[in-house]
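Notes to accompany the following structure.
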Amino acid sequence: MQWKVIPIPEKSKIEQLQKTLGVPSMVAQILLQRGIESFDKAKIFFRPEWSHLHDPFLMEDMKVATDRILSAIAQNEKVMIFGDYDVDGTTSVALVYSFLKNKIQILHPYIPDRYKEGYGISKIGIDVANQNGISLIIALDCGIKAMEEVTYAKSLGIDFIICDHHQPDDELPEAIAILDPKRKDCNYPYKELCGCGIGFKLIQALQIIIGSPESELASYTDLVATAIAADIVPISGENRTLTFLGIKQLKNFPRIGFQFFLKSLKNSITVTDLIFVIAPRINAAGRMDHGLNAVRLLISTELEEALSISRSIEFFNTERKSTDERITKEAIQQIELNQEQEKSSTVVFHPSWHKGVIGIVASRLIEQYYRPTVVLTKSDELLSGSVRSVSGFDVYQALHACKDFMIQFGGHKYAAGLTLGLDQFKGFKAAFDAYVVKNIKPDQLKPTLIYDSLIDFAELNEKLLRILNQMAPFGPKNMRPTFVTMGCKDKGGTRLVGQDKNHLKLELIDCNGDTIHGIGFGLGSHLLKIKEQISFSVLYTLDENDFNGIKSLQIKVKDLKFEE
């Protein structure tokens with residue numbers, strides 16, 4: 001791991017903000033590092049509220065979209081809500097369906113089959129709409145590149161409203177309305193909404209027109225917060241407000257569909273819980289069974305029905321875990337056997353790998369080799385793949401450079417999907433690796449940990465932790481503040497813990513003689529060297545240990561480096 005500090009602001013600016021806000025110097029520095037330079041910005045940051053949400057009508061085509069939906073309501077049309085099979089897509093469908101179900105008589109939620117239809121708008125889905133007399137499809141978290149499919153729907157007399165957050169091409173589909181802040185002609189002030197976030201802006205606009213109380217929208221923020229966390233979009237600006245409101249909703253009024261999964265959590269729910277507890281289970285439906293089951297769970301109002309679906313999804317999540325572990329091992333064996341571990345990219349393929357977990361496997365391989373990764377499997381007579389990237393490297397641009405070796409692709413900077421013919425595999429693999437070799441920077445091939453500041457243990461206290469906790473929700477663009485303390489040694493109590501004895505329980509003393517306790521997950525291999533009393537630096541976050549009701553300050557160590 002390489003460690004990099006976030007640029008430290010000028011001392012005068014830190015002192016000015018410290019005086020303005022009445023906070024410790026370290027807090028003022030961290031706020032400035034996050035672009036918070038004034039009392040007003042700090043107030044918005046620490047106290048997110050409804051009024052901070054942007055006017056949805058600032059989004060290009062929003063008026064056209066709402067007018068078309070209101071027309072569908074007035075004309076008693078049949079409407080399909082079409083979404084992708086991942087967390088962002090299924091939460092989007094659940095959100096828009098729930099809002100419209102009492103306003104449109106016949107509303108048809110639709111999630112494409114991952115295996116028969118693949119990602120995005122499908123002709124199969126459009127045919128289902130046509131057979132059921134549907135005249136309007138609202139597409140969520142997909143559709144921005146569905147040129148042929150939208151034209152096909154238009155030929156059948158079916159209109160499309162597209163709500164997508166992926167990067168559009170220069171030419172857009174022939175939809176009635178396209179809501180995507182990344183459109184070049186869209187002046188919406190916040191560009192990083194996820195698909196569910198755009199679905200939320202759509203129902204917010206409808207709520208304004210219909211005149212229903214704003215409080216009605218609160219019940220949908222839990223879905224938006226889950227999608228934001230799962231899709232790993234920046235938790236800044238409007239996303240941060242929506243995540244804050246959504247976590248508050250989850251704590252106070254969790255929907256029936258979430259209650260089964262929340263049982264294992266304490267009273268405090270965090271973005272980490274959304275990512276590692278709720279999101280994988282919602283995803284499991286689309287990966288191992290069918291994403292429509294996730295939608296049914298999220299829109300359920302009956303406890304018995306929700307429990308039945310929850311248990312089924314829990315089973316599929318367990319199956320997903322064992323499947324992705326097995327495939328990851330097979331992929332690592334393939335890389336090692338072919339002696340490709342020294343390459344700048346990873347492209348692996350096996351015809352029998354489960355299509356539902358190859359994205360997870362790609363992420364696991366990045367943990368192992370840390371380089372842009374493509375994992376492919378056979379799907380009918382084609383190859384279907386998931387792509388993941390490392391920090392700073394744009395795989396969407398890499399795929400665009402290899403477009404001659406693919407049938408189609410889509411996604412964004414760090415995650416994408418692609419389809420290619422069997423005869424294109426070798427050419428694609430060579431072209432992808434050539435692009436990576438030419439364009440990736442050496443430091444992008446080494447994982448980097450970012451920290452906010454050097455600090456001594458004496459500066460760590462309950463007041464600092466209390467203020468830092470108020471900076472939540474944490475995530476991309478607003479990570480939990482991270483510190484480095486140098487010149488540390490074992491005070492004597494450092495030992496191995498955990499079932500496999502691979503974690504460190506630390507008792508440290510710094511060069512000033514101050515002590516702190518901590519935990520270092522997966523760092524057990526360092527114990528012997530620590531016990532040799534070699535001085536080292538630790539990179540960590542400040543945390544609270546709760547043992548048998550007794551709370552104490554501790555650090556959560558992410559990495560350590562022994563000093564020369």
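Chains: A, B, ... in order of the structure tokens. Residues: from 1 per chain. Ligands: from 1, in order shown.
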
Report as a list of chain:residue names all protein, DNA and RNA residues lying within 9 Å of A:Met62, evaluated on only C-alpha atoms, omitting residues in the same chain fewer than 5 positions from it.
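Once the nearby chain positions are removed, what remains is A:Pro56, A:Phe57, A:Asp67, A:Ala177, A:Ile178, A:Leu179, A:Lys201, A:Leu202, A:Ala205.
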
Please identify all polymer residues within 12 Å of A:Lys529, counting only C-alpha atoms, omitting same-chain residues fewer than 3 positions from it, and present them as a PDB file with C-alpha atoms, in the first residue's frame.
ATOM      1  CA  LYS A 489       5.720   0.660  19.388  1.00  0.00           C
ATOM      2  CA  ASP A 490       3.986  -2.171  21.188  1.00  0.00           C
ATOM      3  CA  THR A 494      -0.529  -6.508  21.366  1.00  0.00           C
ATOM      4  CA  ARG A 495      -1.783 -10.015  20.509  1.00  0.00           C
ATOM      5  CA  LEU A 523      -2.930  -7.642   9.992  1.00  0.00           C
ATOM      6  CA  GLY A 524      -1.942 -10.625  12.169  1.00  0.00           C
ATOM      7  CA  SER A 525       1.123 -11.422  10.064  1.00  0.00           C
ATOM      8  CA  HIS A 526       2.865  -8.327  11.496  1.00  0.00           C
ATOM      9  CA  GLU A 532      10.709  -7.047  18.134  1.00  0.00           C
ATOM     10  CA  GLN A 533      10.002  -3.451  19.240  1.00  0.00           C
ATOM     11  CA  ILE A 534      10.718  -2.044  15.784  1.00  0.00           C
ATOM     12  CA  SER A 535       9.197   1.423  15.409  1.00  0.00           C
ATOM     13  CA  PHE A 536       6.340   1.715  12.920  1.00  0.00           C
ATOM     14  CA  LEU A 560       1.054  -0.190   9.195  1.00  0.00           C
ATOM     15  CA  LYS A 561       4.573   0.448   7.946  1.00  0.00           C
ATOM     16  CA  PHE A 562       7.793  -0.370   9.743  1.00  0.00           C
ATOM     17  CA  GLU A 563      10.293   2.458   9.790  1.00  0.00           C
TER      18      GLU A 563
END

So that I can check the surroundings of A:Leu382, please list as a PyMOL selection string every protein, DNA and RNA residue that reaches within 8 Å of it, counting only C-alpha atoms and ignoring chain neighbours fewer than 4 positions away.
chain A and resi 378+419-422

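DSSP, applied to the backbone of this structure, assigns strand (DSSP E) to the following residues of stretch 143-237 of chain A: Asp159, Phe160, Ile161, Ile162, Cys163, Ala177, Ile178 and Leu179 of chain A.
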
A:Gly498: which residues within 12 Å, counting only C-alpha atoms, same-chain residues fewer than 2 positions away excluded, as JSON, numbers by chain?
{"A": [495, 496, 500, 501, 502, 503, 504, 505, 519, 520, 521, 522, 523, 524]}

For a quick check of understanding, using only C-alpha atoms, which of A:Asn548, A:Gln470, A:Ser215, A:Gln554 has the smallest distance to A:Leu31?
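Smallest distance to A:Leu31 is found for A:Gln470.
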
What residues in stretch 165-256 of chain A get the DSSP label helix (DSSP H, G or I)? Please answer as a ChimeraX atom specification.
/A:195-210,214-230,237-252,256

N, CA and C atoms of the current selection, written as a CSV table (one decimal), in the first residue's frame:
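Written out: result-v2.csv:
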chain,number,residue,atom,x,y,z
A,195,GLY,N,-29.3,5.8,-10.5
A,195,GLY,CA,-30.6,5.6,-11.2
A,195,GLY,C,-31.8,5.8,-10.3
A,196,CYS,N,-31.7,5.3,-9.1
A,196,CYS,CA,-32.8,5.4,-8.1
A,196,CYS,C,-32.9,6.9,-7.7
A,197,GLY,N,-31.8,7.6,-7.6
A,197,GLY,CA,-31.9,9.0,-7.3
A,197,GLY,C,-32.6,9.8,-8.4
A,198,ILE,N,-32.4,9.4,-9.7
A,198,ILE,CA,-33.2,10.1,-10.8
A,198,ILE,C,-34.6,9.7,-10.7
A,199,GLY,N,-34.9,8.4,-10.4
A,199,GLY,CA,-36.3,8.0,-10.2
A,199,GLY,C,-36.9,8.8,-9.1
A,200,PHE,N,-36.2,9.1,-8.0
A,200,PHE,CA,-36.7,10.0,-6.9
A,200,PHE,C,-37.0,11.4,-7.4
A,201,LYS,N,-36.1,11.9,-8.2
A,201,LYS,CA,-36.4,13.3,-8.7
A,201,LYS,C,-37.7,13.3,-9.6
A,202,LEU,N,-37.9,12.2,-10.3
A,202,LEU,CA,-39.1,12.1,-11.1
A,202,LEU,C,-40.4,12.2,-10.2
A,203,ILE,N,-40.4,11.3,-9.1
A,203,ILE,CA,-41.6,11.3,-8.3
A,203,ILE,C,-41.7,12.6,-7.5
A,204,GLN,N,-40.5,13.3,-7.2
A,204,GLN,CA,-40.5,14.6,-6.5
A,204,GLN,C,-41.2,15.6,-7.4
A,205,ALA,N,-40.9,15.6,-8.7
A,205,ALA,CA,-41.5,16.5,-9.6
A,205,ALA,C,-43.0,16.2,-9.7
A,206,LEU,N,-43.4,15.0,-9.8
A,206,LEU,CA,-44.8,14.6,-9.8
A,206,LEU,C,-45.6,15.1,-8.5
A,207,GLN,N,-44.9,14.9,-7.4
A,207,GLN,CA,-45.5,15.3,-6.1
A,207,GLN,C,-45.7,16.8,-6.1
A,208,ILE,N,-44.8,17.6,-6.7
A,208,ILE,CA,-45.0,19.0,-6.7
A,208,ILE,C,-46.2,19.4,-7.6
A,209,ILE,N,-46.3,18.7,-8.7
A,209,ILE,CA,-47.4,19.0,-9.6
A,209,ILE,C,-48.8,18.6,-9.0
A,210,ILE,N,-48.8,17.4,-8.5
A,210,ILE,CA,-50.0,16.9,-7.9
A,210,ILE,C,-50.4,17.6,-6.6
A,214,GLU,N,-45.1,17.0,0.9
A,214,GLU,CA,-43.7,16.6,0.8
A,214,GLU,C,-43.3,15.4,1.6
A,215,SER,N,-44.0,15.3,2.8
A,215,SER,CA,-43.6,14.2,3.7
A,215,SER,C,-43.9,12.9,3.1
A,216,GLU,N,-44.8,12.8,2.1
A,216,GLU,CA,-45.0,11.5,1.4
A,216,GLU,C,-43.8,10.9,0.8
A,217,LEU,N,-42.8,11.8,0.4
A,217,LEU,CA,-41.6,11.3,-0.2
A,217,LEU,C,-40.6,10.7,0.7
A,218,ALA,N,-40.8,11.0,2.0
A,218,ALA,CA,-39.8,10.5,3.0
A,218,ALA,C,-39.7,9.0,3.0
A,219,SER,N,-40.9,8.3,2.8
A,219,SER,CA,-40.9,6.8,2.8
A,219,SER,C,-40.1,6.2,1.7
A,220,TYR,N,-39.7,7.0,0.7
A,220,TYR,CA,-38.9,6.4,-0.4
A,220,TYR,C,-37.4,6.6,-0.3
A,221,THR,N,-37.0,7.4,0.7
A,221,THR,CA,-35.6,7.8,0.8
A,221,THR,C,-34.7,6.6,1.2
A,222,ASP,N,-35.3,5.6,1.9
A,222,ASP,CA,-34.5,4.4,2.3
A,222,ASP,C,-34.1,3.6,1.1
A,223,LEU,N,-34.9,3.6,0.1
A,223,LEU,CA,-34.5,2.9,-1.2
A,223,LEU,C,-33.4,3.7,-1.9
A,224,VAL,N,-33.5,5.0,-1.9
A,224,VAL,CA,-32.5,5.8,-2.6
A,224,VAL,C,-31.1,5.7,-1.9
A,225,ALA,N,-31.1,5.7,-0.5
A,225,ALA,CA,-29.9,5.6,0.2
A,225,ALA,C,-29.2,4.3,0.0
A,226,THR,N,-30.0,3.2,-0.1
A,226,THR,CA,-29.5,1.9,-0.4
A,226,THR,C,-28.9,1.8,-1.8
A,227,ALA,N,-29.5,2.4,-2.7
A,227,ALA,CA,-29.0,2.4,-4.1
A,227,ALA,C,-27.7,3.3,-4.2
A,228,ILE,N,-27.7,4.4,-3.5
A,228,ILE,CA,-26.5,5.2,-3.5
A,228,ILE,C,-25.3,4.5,-3.0
A,229,ALA,N,-25.5,3.8,-1.8
A,229,ALA,CA,-24.4,3.0,-1.2
A,229,ALA,C,-24.0,1.9,-2.1
A,230,ALA,N,-24.9,1.1,-2.6
A,230,ALA,CA,-24.6,-0.1,-3.4
A,230,ALA,C,-23.9,0.3,-4.7
A,237,GLY,N,-22.9,16.4,-2.0
A,237,GLY,CA,-24.0,17.2,-2.5
A,237,GLY,C,-25.4,16.6,-2.2
A,238,GLU,N,-26.2,16.5,-3.3
A,238,GLU,CA,-27.5,15.9,-3.1
A,238,GLU,C,-27.5,14.5,-2.7
A,239,ASN,N,-26.6,13.7,-3.2
A,239,ASN,CA,-26.5,12.3,-2.7
A,239,ASN,C,-26.3,12.2,-1.2
A,240,ARG,N,-25.5,13.1,-0.7
A,240,ARG,CA,-25.3,13.0,0.8
A,240,ARG,C,-26.6,13.4,1.6
A,241,THR,N,-27.3,14.4,1.1
A,241,THR,CA,-28.6,14.7,1.7
A,241,THR,C,-29.6,13.5,1.6
A,242,LEU,N,-29.7,12.9,0.5
A,242,LEU,CA,-30.6,11.8,0.3
A,242,LEU,C,-30.2,10.6,1.1
A,243,THR,N,-28.9,10.4,1.3
A,243,THR,CA,-28.4,9.2,2.1
A,243,THR,C,-28.7,9.5,3.6
A,244,PHE,N,-28.4,10.8,4.0
A,244,PHE,CA,-28.7,11.1,5.4
A,244,PHE,C,-30.2,10.9,5.7
A,245,LEU,N,-31.1,11.4,4.8
A,245,LEU,CA,-32.5,11.3,5.0
A,245,LEU,C,-33.0,9.8,5.0
A,246,GLY,N,-32.3,9.0,4.1
A,246,GLY,CA,-32.7,7.6,3.9
A,246,GLY,C,-32.3,6.8,5.1
A,247,ILE,N,-31.1,7.1,5.7
A,247,ILE,CA,-30.7,6.3,6.9
A,247,ILE,C,-31.6,6.7,8.1
A,248,LYS,N,-32.0,7.9,8.2
A,248,LYS,CA,-32.9,8.3,9.2
A,248,LYS,C,-34.3,7.6,9.1
A,249,GLN,N,-34.7,7.4,7.8
A,249,GLN,CA,-36.0,6.7,7.5
A,249,GLN,C,-35.8,5.2,7.9
A,250,LEU,N,-34.7,4.6,7.6
A,250,LEU,CA,-34.4,3.2,7.9
A,250,LEU,C,-34.4,3.0,9.4
A,251,LYS,N,-33.8,3.9,10.2
A,251,LYS,CA,-33.8,3.8,11.6
A,251,LYS,C,-35.2,3.9,12.2
A,252,ASN,N,-36.0,4.9,11.8
A,252,ASN,CA,-37.2,5.2,12.4
A,252,ASN,C,-38.4,4.4,11.9
A,256,ILE,N,-41.2,-3.0,5.5
A,256,ILE,CA,-41.3,-4.4,5.9
A,256,ILE,C,-40.2,-5.2,5.2

Surrounding residues of A:Ala28 excluding itself and chain neighbours under 2 positions, 6 Å, only C-alpha atoms, as JSON, numbers by chain
{"A": [14, 17, 18, 25, 26, 30, 31]}

Export of prior selection with N, CA and C atoms as a PDB file, in the first residue's frame:
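Writing done, so here's out00.pdb:
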ATOM      1  N   ILE A  14      -7.225  27.507   8.121  1.00  0.00           N
ATOM      2  CA  ILE A  14      -7.641  26.599   9.191  1.00  0.00           C
ATOM      3  C   ILE A  14      -8.020  27.402  10.433  1.00  0.00           C
ATOM      4  N   LEU A  17     -11.438  29.269   9.937  1.00  0.00           N
ATOM      5  CA  LEU A  17     -12.621  28.405  10.032  1.00  0.00           C
ATOM      6  C   LEU A  17     -12.795  27.875  11.455  1.00  0.00           C
ATOM      7  N   GLN A  18     -11.698  27.591  12.120  1.00  0.00           N
ATOM      8  CA  GLN A  18     -11.750  27.136  13.509  1.00  0.00           C
ATOM      9  C   GLN A  18     -12.431  28.186  14.389  1.00  0.00           C
ATOM     10  N   SER A  25      -8.919  22.585  15.838  1.00  0.00           N
ATOM     11  CA  SER A  25      -8.148  22.864  14.628  1.00  0.00           C
ATOM     12  C   SER A  25      -8.193  21.696  13.645  1.00  0.00           C
ATOM     13  N   MET A  26      -8.080  20.462  14.163  1.00  0.00           N
ATOM     14  CA  MET A  26      -8.080  19.278  13.302  1.00  0.00           C
ATOM     15  C   MET A  26      -9.398  19.160  12.527  1.00  0.00           C
ATOM     16  N   ILE A  30      -9.996  19.229   8.413  1.00  0.00           N
ATOM     17  CA  ILE A  30     -10.696  18.158   7.680  1.00  0.00           C
ATOM     18  C   ILE A  30     -11.857  18.731   6.866  1.00  0.00           C
ATOM     19  N   LEU A  31     -12.558  19.698   7.424  1.00  0.00           N
ATOM     20  CA  LEU A  31     -13.662  20.323   6.689  1.00  0.00           C
ATOM     21  C   LEU A  31     -13.143  21.051   5.446  1.00  0.00           C
TER      22      LEU A  31
END

Taking only C-alpha atoms into account, name the residue in A:Lys78, A:Lys355, A:Lys403, A:Lys123 that is nearest to A:Arg320.
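Checking each candidate against A:Arg320, we get A:Lys355 as the closest.
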
Contact residues around A:Asp113 with only C-alpha atoms at 9 Å, ignoring same-chain residues under 3 positions, as a ChimeraX atom specification
/A:85,116-119,286,289-292

Generate the output file for the selected residues, N, CA and C atoms, as a compact mmCIF listing (two decimals), in the first residue's frame.
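This went into part-v2.txt:
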# COMPACT_ATOMS: atom_id res chain seq x y z
N TYR A 85 -31.45 -5.28 -13.10
CA TYR A 85 -31.60 -6.32 -12.08
C TYR A 85 -30.69 -6.15 -10.88
N LYS A 116 -31.51 -14.58 -19.86
CA LYS A 116 -32.19 -14.63 -21.16
C LYS A 116 -32.12 -13.29 -21.90
N GLU A 117 -32.13 -12.21 -21.14
CA GLU A 117 -32.22 -10.88 -21.77
C GLU A 117 -30.95 -10.05 -21.64
N GLY A 118 -30.18 -10.27 -20.56
CA GLY A 118 -28.99 -9.47 -20.34
C GLY A 118 -29.32 -8.10 -19.79
N TYR A 119 -28.31 -7.25 -19.77
CA TYR A 119 -28.44 -5.92 -19.16
C TYR A 119 -29.26 -4.98 -20.03
N GLY A 286 -31.33 -10.98 -8.15
CA GLY A 286 -31.03 -10.85 -9.56
C GLY A 286 -29.86 -11.71 -10.01
N ASP A 289 -31.41 -15.78 -8.89
CA ASP A 289 -32.79 -16.16 -9.20
C ASP A 289 -33.37 -15.16 -10.20
N HIS A 290 -34.20 -14.23 -9.72
CA HIS A 290 -34.77 -13.20 -10.60
C HIS A 290 -34.95 -11.91 -9.81
N GLY A 291 -34.50 -10.80 -10.41
CA GLY A 291 -34.55 -9.51 -9.74
C GLY A 291 -35.94 -9.05 -9.37
N LEU A 292 -36.97 -9.60 -10.02
CA LEU A 292 -38.34 -9.19 -9.71
C LEU A 292 -38.71 -9.57 -8.27

Point-to-point distance in Å for atom CA of A:Ile73 and atom CA of A:Lys103:
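One can read the atom CA of A:Lys103 to atom CA of A:Ile73 distance as 6.5 Å.
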
Residue neighbourhood A:Ser322, 12 Å, only C-alpha atoms, exclusion window fewer than 4 positions, as a PDB file with N, CA and C atoms, in the first residue's frame:
ATOM      1  N   MET A 288     -28.838 -14.792  -8.586  1.00  0.00           N
ATOM      2  CA  MET A 288     -29.030 -16.239  -8.487  1.00  0.00           C
ATOM      3  C   MET A 288     -30.434 -16.697  -8.884  1.00  0.00           C
ATOM      4  N   PHE A 315     -31.384 -17.400   1.311  1.00  0.00           N
ATOM      5  CA  PHE A 315     -30.865 -18.653   0.771  1.00  0.00           C
ATOM      6  C   PHE A 315     -30.029 -18.394  -0.483  1.00  0.00           C
ATOM      7  N   PHE A 316     -30.553 -17.557  -1.386  1.00  0.00           N
ATOM      8  CA  PHE A 316     -29.826 -17.262  -2.620  1.00  0.00           C
ATOM      9  C   PHE A 316     -28.538 -16.498  -2.336  1.00  0.00           C
ATOM     10  N   ASN A 317     -28.538 -15.671  -1.281  1.00  0.00           N
ATOM     11  CA  ASN A 317     -27.321 -14.944  -0.934  1.00  0.00           C
ATOM     12  C   ASN A 317     -26.243 -15.900  -0.427  1.00  0.00           C
ATOM     13  N   THR A 318     -26.643 -16.912   0.344  1.00  0.00           N
ATOM     14  CA  THR A 318     -25.702 -17.932   0.810  1.00  0.00           C
ATOM     15  C   THR A 318     -25.121 -18.703  -0.369  1.00  0.00           C
ATOM     16  N   ARG A 326     -15.839 -19.989  -5.110  1.00  0.00           N
ATOM     17  CA  ARG A 326     -15.316 -21.060  -5.964  1.00  0.00           C
ATOM     18  C   ARG A 326     -14.769 -20.503  -7.277  1.00  0.00           C
ATOM     19  N   ILE A 327     -15.532 -19.611  -7.914  1.00  0.00           N
ATOM     20  CA  ILE A 327     -15.107 -19.061  -9.209  1.00  0.00           C
ATOM     21  C   ILE A 327     -13.866 -18.186  -9.052  1.00  0.00           C
ATOM     22  N   THR A 328     -13.784 -17.457  -7.946  1.00  0.00           N
ATOM     23  CA  THR A 328     -12.592 -16.636  -7.693  1.00  0.00           C
ATOM     24  C   THR A 328     -11.344 -17.512  -7.613  1.00  0.00           C
ATOM     25  N   LYS A 329     -11.441 -18.635  -6.911  1.00  0.00           N
ATOM     26  CA  LYS A 329     -10.304 -19.558  -6.816  1.00  0.00           C
ATOM     27  C   LYS A 329      -9.913 -20.077  -8.196  1.00  0.00           C
ATOM     28  N   HIS A 354     -20.745 -18.721 -13.453  1.00  0.00           N
ATOM     29  CA  HIS A 354     -22.092 -18.192 -13.237  1.00  0.00           C
ATOM     30  C   HIS A 354     -22.131 -16.701 -13.572  1.00  0.00           C
ATOM     31  N   VAL A 357     -22.402 -13.779 -10.811  1.00  0.00           N
ATOM     32  CA  VAL A 357     -21.388 -13.405  -9.819  1.00  0.00           C
ATOM     33  C   VAL A 357     -20.078 -12.920 -10.432  1.00  0.00           C
ATOM     34  N   ILE A 360     -18.699  -9.695  -9.008  1.00  0.00           N
ATOM     35  CA  ILE A 360     -18.083  -9.841  -7.685  1.00  0.00           C
ATOM     36  C   ILE A 360     -16.692 -10.454  -7.829  1.00  0.00           C
ATOM     37  N   VAL A 361     -16.574 -11.447  -8.703  1.00  0.00           N
ATOM     38  CA  VAL A 361     -15.282 -12.104  -8.929  1.00  0.00           C
ATOM     39  C   VAL A 361     -14.269 -11.088  -9.450  1.00  0.00           C
TER      40      VAL A 361
END

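Comparing the minimum interatomic distances between A:Arg364 and each of A:Ser352, A:Lys441, A:Ala331, A:Val347, counting only C-alpha atoms, we find that A:Ala331 sits nearest.
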
Closest of A:Lys429, A:Arg255, A:Arg281, A:Lys446 to A:Thr301 - atom-to-atom distances counting only C-alpha atoms:
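So, comparing all the options, the nearest one is A:Arg255.
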
Nearest to A:Leu70: which of A:Val27, A:Val271, A:Ala430, A:Ile104 is it, counting only C-alpha atoms?
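Closest residue, counting only C-alpha atoms: A:Ile104.
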
What separation in Å, quoted to one decimal, exists between atom CA of A:Phe547 and atom CA of A:Leu449?
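We find that atom CA of A:Phe547 and atom CA of A:Leu449 lie 28.7 Å from each other.
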